[in-house]
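The data block below is protein_10.pdb; it holds PDB, C-alpha atoms.
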ATOM      1  CA  MET F   1      -9.075  49.332 -35.823  1.00  0.00           C
ATOM      2  CA  ARG F   2      -6.022  48.763 -33.643  1.00  0.00           C
ATOM      3  CA  ASP F   3      -8.038  49.389 -30.455  1.00  0.00           C
ATOM      4  CA  ILE F   4     -10.645  46.844 -31.490  1.00  0.00           C
ATOM      5  CA  ALA F   5      -7.958  44.201 -32.196  1.00  0.00           C
ATOM      6  CA  SER F   6      -6.241  44.962 -28.860  1.00  0.00           C
ATOM      7  CA  GLU F   7      -9.541  44.747 -27.035  1.00  0.00           C
ATOM      8  CA  ALA F   8     -10.369  41.423 -28.739  1.00  0.00           C
ATOM      9  CA  ARG F   9      -6.930  40.030 -27.870  1.00  0.00           C
ATOM     10  CA  PHE F  10      -7.311  41.203 -24.278  1.00  0.00           C
ATOM     11  CA  LEU F  11     -10.750  39.568 -23.998  1.00  0.00           C
ATOM     12  CA  TRP F  12      -9.433  36.340 -25.544  1.00  0.00           C
ATOM     13  CA  HIS F  13      -6.493  36.245 -23.076  1.00  0.00           C
ATOM     14  CA  HIS F  14      -8.821  37.063 -20.208  1.00  0.00           C
ATOM     15  CA  LYS F  15     -11.138  34.212 -21.223  1.00  0.00           C
ATOM     16  CA  GLN F  16      -8.174  31.819 -21.480  1.00  0.00           C
ATOM     17  CA  LEU F  17      -6.983  32.807 -17.997  1.00  0.00           C
ATOM     18  CA  GLU F  18     -10.458  32.265 -16.569  1.00  0.00           C
ATOM     19  CA  GLU F  19     -10.598  28.816 -18.184  1.00  0.00           C
ATOM     20  CA  LEU F  20      -7.175  27.930 -16.756  1.00  0.00           C
ATOM     21  CA  GLY F  21      -8.330  29.147 -13.353  1.00  0.00           C
ATOM     22  CA  LYS F  22     -11.344  26.833 -13.534  1.00  0.00           C
ATOM     23  CA  GLN F  23      -9.113  23.899 -14.493  1.00  0.00           C
ATOM     24  CA  ILE F  24      -6.793  24.659 -11.579  1.00  0.00           C
ATOM     25  CA  ASP F  25      -9.748  24.871  -9.177  1.00  0.00           C
ATOM     26  CA  LYS F  26     -11.024  21.520 -10.463  1.00  0.00           C
ATOM     27  CA  LYS F  27      -7.600  19.900 -10.000  1.00  0.00           C
ATOM     28  CA  ILE F  28      -7.327  21.334  -6.475  1.00  0.00           C
ATOM     29  CA  ALA F  29     -10.735  19.869  -5.615  1.00  0.00           C
ATOM     30  CA  GLU F  30      -9.644  16.454  -6.975  1.00  0.00           C
ATOM     31  CA  LEU F  31      -6.430  16.565  -4.937  1.00  0.00           C
ATOM     32  CA  GLU F  32      -8.325  17.562  -1.804  1.00  0.00           C
ATOM     33  CA  GLU F  33     -10.700  14.614  -2.338  1.00  0.00           C
ATOM     34  CA  ARG F  34      -7.741  12.252  -2.752  1.00  0.00           C
ATOM     35  CA  THR F  35      -6.185  13.649   0.405  1.00  0.00           C
ATOM     36  CA  ARG F  36      -9.404  13.003   2.329  1.00  0.00           C
ATOM     37  CA  GLU F  37      -9.558   9.449   0.949  1.00  0.00           C
ATOM     38  CA  TYR F  38      -5.928   8.734   1.850  1.00  0.00           C
ATOM     39  CA  LYS F  39      -6.433  10.121   5.351  1.00  0.00           C
ATOM     40  CA  LYS F  40      -9.528   7.962   5.778  1.00  0.00           C
ATOM     41  CA  TRP F  41      -7.628   4.801   4.804  1.00  0.00           C
ATOM     42  CA  TYR F  42      -4.632   5.822   6.911  1.00  0.00           C
ATOM     43  CA  ASP F  43      -6.847   6.340   9.946  1.00  0.00           C
ATOM     44  CA  LEU F  44      -8.672   3.064   9.294  1.00  0.00           C
ATOM     45  CA  ARG F  45      -5.391   1.179   9.005  1.00  0.00           C
ATOM     46  CA  ASN F  46      -4.067   2.752  12.206  1.00  0.00           C
ATOM     47  CA  LYS F  47      -7.273   1.923  14.042  1.00  0.00           C
ATOM     48  CA  PHE F  48      -7.037  -1.649  12.786  1.00  0.00           C
ATOM     49  CA  SER F  49      -3.437  -1.891  13.922  1.00  0.00           C
ATOM     50  CA  GLU F  50      -4.105  -0.347  17.321  1.00  0.00           C
ATOM     51  CA  MET F  51      -6.865  -2.845  18.049  1.00  0.00           C
ATOM     52  CA  ALA F  52      -4.178  -5.359  18.806  1.00  0.00           C
ATOM     53  CA  SER F  53      -1.984  -3.867  21.465  1.00  0.00           C
ATOM     54  CA  GLU F  54       1.474  -5.281  21.804  1.00  0.00           C
ATOM     55  CA  LYS F  55       0.664  -6.773  25.187  1.00  0.00           C
ATOM     56  CA  LEU F  56      -2.390  -8.596  23.865  1.00  0.00           C
ATOM     57  CA  VAL F  57      -0.396  -9.908  20.927  1.00  0.00           C
ATOM     58  CA  LYS F  58       2.238 -11.187  23.320  1.00  0.00           C
ATOM     59  CA  VAL F  59      -0.432 -12.997  25.358  1.00  0.00           C
ATOM     60  CA  TYR F  60      -1.810 -14.738  22.251  1.00  0.00           C
ATOM     61  CA  SER F  61       1.659 -15.600  21.006  1.00  0.00           C
ATOM     62  CA  GLN F  62       2.350 -17.465  24.247  1.00  0.00           C
ATOM     63  CA  MET F  63      -0.929 -19.396  24.296  1.00  0.00           C
ATOM     64  CA  ARG F  64      -1.358 -22.908  23.002  1.00  0.00           C
ATOM     65  CA  PRO F  65      -2.506 -22.676  19.372  1.00  0.00           C
ATOM     66  CA  ASP F  66      -5.799 -24.487  20.000  1.00  0.00           C
ATOM     67  CA  ALA F  67      -6.647 -22.231  22.960  1.00  0.00           C
ATOM     68  CA  ALA F  68      -5.678 -19.075  21.016  1.00  0.00           C
ATOM     69  CA  ALA F  69      -7.768 -20.234  18.054  1.00  0.00           C
ATOM     70  CA  GLU F  70     -10.782 -20.816  20.277  1.00  0.00           C
ATOM     71  CA  GLN F  71     -10.454 -17.372  21.884  1.00  0.00           C
ATOM     72  CA  LEU F  72      -9.913 -15.559  18.590  1.00  0.00           C
ATOM     73  CA  ALA F  73     -12.901 -17.327  17.030  1.00  0.00           C
ATOM     74  CA  THR F  74     -15.232 -15.813  19.631  1.00  0.00           C
ATOM     75  CA  MET F  75     -14.183 -12.179  19.205  1.00  0.00           C
ATOM     76  CA  PRO F  76     -15.108  -9.768  16.401  1.00  0.00           C
ATOM     77  CA  GLU F  77     -13.331 -10.796  13.224  1.00  0.00           C
ATOM     78  CA  THR F  78     -11.622  -7.439  12.702  1.00  0.00           C
ATOM     79  CA  ALA F  79     -10.108  -7.603  16.185  1.00  0.00           C
ATOM     80  CA  ALA F  80      -9.026 -11.218  15.641  1.00  0.00           C
ATOM     81  CA  ALA F  81      -7.515 -10.279  12.286  1.00  0.00           C
ATOM     82  CA  ALA F  82      -5.597  -7.407  13.864  1.00  0.00           C
ATOM     83  CA  ILE F  83      -4.106  -9.767  16.444  1.00  0.00           C
ATOM     84  CA  VAL F  84      -3.274 -12.480  13.924  1.00  0.00           C
ATOM     85  CA  PHE F  85      -1.724  -9.836  11.662  1.00  0.00           C
ATOM     86  CA  LYS F  86       0.704  -8.825  14.405  1.00  0.00           C
ATOM     87  CA  LEU F  87       1.703 -12.365  15.346  1.00  0.00           C
ATOM     88  CA  LYS F  88       4.805 -13.948  13.854  1.00  0.00           C
ATOM     89  CA  SER F  89       3.892 -15.780  10.649  1.00  0.00           C
ATOM     90  CA  ARG F  90       4.640 -19.236  11.998  1.00  0.00           C
ATOM     91  CA  LYS F  91       2.489 -18.731  15.109  1.00  0.00           C
ATOM     92  CA  ALA F  92      -0.329 -17.144  13.101  1.00  0.00           C
ATOM     93  CA  SER F  93      -0.430 -20.036  10.649  1.00  0.00           C
ATOM     94  CA  VAL F  94      -0.594 -22.628  13.435  1.00  0.00           C
ATOM     95  CA  ILE F  95      -3.425 -20.737  15.137  1.00  0.00           C
ATOM     96  CA  LEU F  96      -5.376 -20.304  11.889  1.00  0.00           C
ATOM     97  CA  ASN F  97      -4.892 -24.001  11.209  1.00  0.00           C
ATOM     98  CA  GLU F  98      -6.587 -24.787  14.528  1.00  0.00           C
ATOM     99  CA  MET F  99      -9.628 -22.638  13.696  1.00  0.00           C
ATOM    100  CA  ASP F 100     -12.807 -23.508  11.891  1.00  0.00           C
ATOM    101  CA  THR F 101     -11.882 -23.133   8.213  1.00  0.00           C
ATOM    102  CA  THR F 102     -14.663 -20.634   7.473  1.00  0.00           C
ATOM    103  CA  LYS F 103     -13.667 -18.383  10.359  1.00  0.00           C
ATOM    104  CA  ALA F 104      -9.961 -18.659   9.468  1.00  0.00           C
ATOM    105  CA  ALA F 105     -10.756 -17.788   5.856  1.00  0.00           C
ATOM    106  CA  ARG F 106     -12.747 -14.692   6.864  1.00  0.00           C
ATOM    107  CA  ILE F 107      -9.955 -13.506   9.149  1.00  0.00           C
ATOM    108  CA  SER F 108      -7.409 -14.118   6.393  1.00  0.00           C
ATOM    109  CA  MET F 109      -9.570 -12.159   3.934  1.00  0.00           C
ATOM    110  CA  ILE F 110      -9.725  -9.192   6.310  1.00  0.00           C
ATOM    111  CA  ILE F 111      -5.935  -9.178   6.536  1.00  0.00           C
ATOM    112  CA  ALA F 112      -5.541  -9.573   2.772  1.00  0.00           C
ATOM    113  CA  ASP F 113      -8.116  -6.858   2.086  1.00  0.00           C
ATOM    114  CA  SER F 114      -6.258  -4.495   4.384  1.00  0.00           C
ATOM    115  CA  ALA F 115      -3.034  -5.135   2.467  1.00  0.00           C
ATOM    116  CA  ARG F 116      -4.786  -4.631  -0.905  1.00  0.00           C
ATOM    117  CA  LYS F 117      -6.286  -1.332   0.218  1.00  0.00           C
ATOM    118  CA  ALA F 118      -2.911  -0.128   1.467  1.00  0.00           C
ATOM    119  CA  ALA F 119      -1.309  -1.085  -1.864  1.00  0.00           C
ATOM    120  CA  ARG F 120      -4.081   0.655  -3.825  1.00  0.00           C
ATOM    121  CA  VAL F 121      -3.645   3.849  -1.804  1.00  0.00           C
ATOM    122  CA  ALA F 122       0.120   3.692  -2.328  1.00  0.00           C
ATOM    123  CA  ARG F 123      -0.367   3.288  -6.095  1.00  0.00           C
ATOM    124  CA  LYS F 124      -2.770   6.230  -6.215  1.00  0.00           C
ATOM    125  CA  ALA F 125      -0.347   8.343  -4.218  1.00  0.00           C
ATOM    126  CA  GLY F 126       2.380   7.479  -6.730  1.00  0.00           C
ATOM    127  CA  ARG F 127       0.193   8.511  -9.658  1.00  0.00           C
ATOM    128  CA  GLY F 128      -0.801  11.751  -7.960  1.00  0.00           C
ATOM    129  CA  ARG F 129       2.802  12.939  -7.931  1.00  0.00           C
ATOM    130  CA  SER F 130       3.198  13.000 -11.706  1.00  0.00           C
TER     131      SER F 130
END
Just give me the structure as structure tokens.
Amino acid sequence: MRDIASEARFLWHHKQLEELGKQIDKKIAELEERTREYKKWYDLRNKFSEMASEKLVKVYSQMRPDAAAEQLATMPETAAAAIVFKLKSRKASVILNEMDTTKAARISMIIADSARKAARVARKAGRGRS
């Protein structure tokens, strides 16, 4: 009788350990997926930031606002947003004010969306630590 009870206990413990192993594997897979997502957003943010080299930003910051607005309006919106993002706030606002309102709004939305995504990733990273 004792051998049967020991064997049953052993099998129960073995089953519990297997179940815990599956839960650990599932959690590892979730964390790996999060890591891939964070890396994707990090790379996207860096690419966005690099689109506007410091020299190019300096050129736009020294242009007349109406001329800068005209130039930025003709380039891809993500590139324009990257440049505007790196300008000093006062200069950026004057340039956006000179632009067609629809174009300025789209560029502003790209910048705002980038900030929201960065904040969302930061929040998720904070939750993942607990």
* Reference answer for the PyMOL selection byres ((chain F and resi 66) around 9), as a ChimeraX atom specification -> /F:63-65,67-71,94-95,97-99
* To do: Rank nothing, just name the residue among F:Ala29, F:Ala125, F:Leu20, F:Met109 nearest to Glu77 (chain F), using all atoms listed in the file.
  =>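 Going through F:Ala29, F:Ala125, F:Leu20, F:Met109 one by one, the smallest distance to Glu77 (chain F) is for F:Met109.
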* Asked: Residues at most 10 Å from Ser49 (chain F), counting all atoms listed in the file, excluding those fewer than 3 positions away in the same chain, as a list of chain:residue names?
  -> F:Asp43, F:Leu44, F:Arg45, F:Asn46, F:Ala52, F:Ser53, F:Glu54, F:Thr78, F:Ala79, F:Ala81, F:Ala82, F:Ile83, F:Phe85, F:Lys86
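Pairwise distance (CA of Gln23 (chain F), CA of Ala5 (chain F)) equals 27.0 Å.
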* Gap from CA of Tyr60 (chain F) to CA of Ser93 (chain F) - Å, one decimal -> 12.8 Å
Would you place a box with edges along x, y and z of the file around all atoms of region 91-95 of chain F listed there, add 3 Å to each of its six sides, and report the centre and edge lengths in Å to one decimal, as lines of an AutoDock Vina configuration file?
center_x = -0.5
center_y = -19.9
center_z = 12.9
size_x = 11.9
size_y = 11.5
size_z = 10.5
* Would you please work out which residue, of F:Ile110, F:Leu17, F:Ser61, F:Tyr42, is nearest to Ala92 (chain F) when using all atoms listed in the file? => F:Ser61
* Asked: Any idea what the distance is between CA of Val121 (chain F) and CA of Tyr38 (chain F)?
  ->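 Computing it gives 6.5 Å between the two atoms.
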* Asked: Of the candidates F:Ser6, F:Ser114, F:Thr74, F:Thr102, which shows the shortest atom-to-atom distance to Trp41 (chain F), using all atoms listed in the file?
  -> F:Ser114
* Asked: Taking all atoms listed in the file into account, which of F:Lys58, F:Lys91, F:His14, F:Lys124 comes nearest Leu31 (chain F)?
  ->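 Under the stated criterion, the closest residue is F:Lys124.
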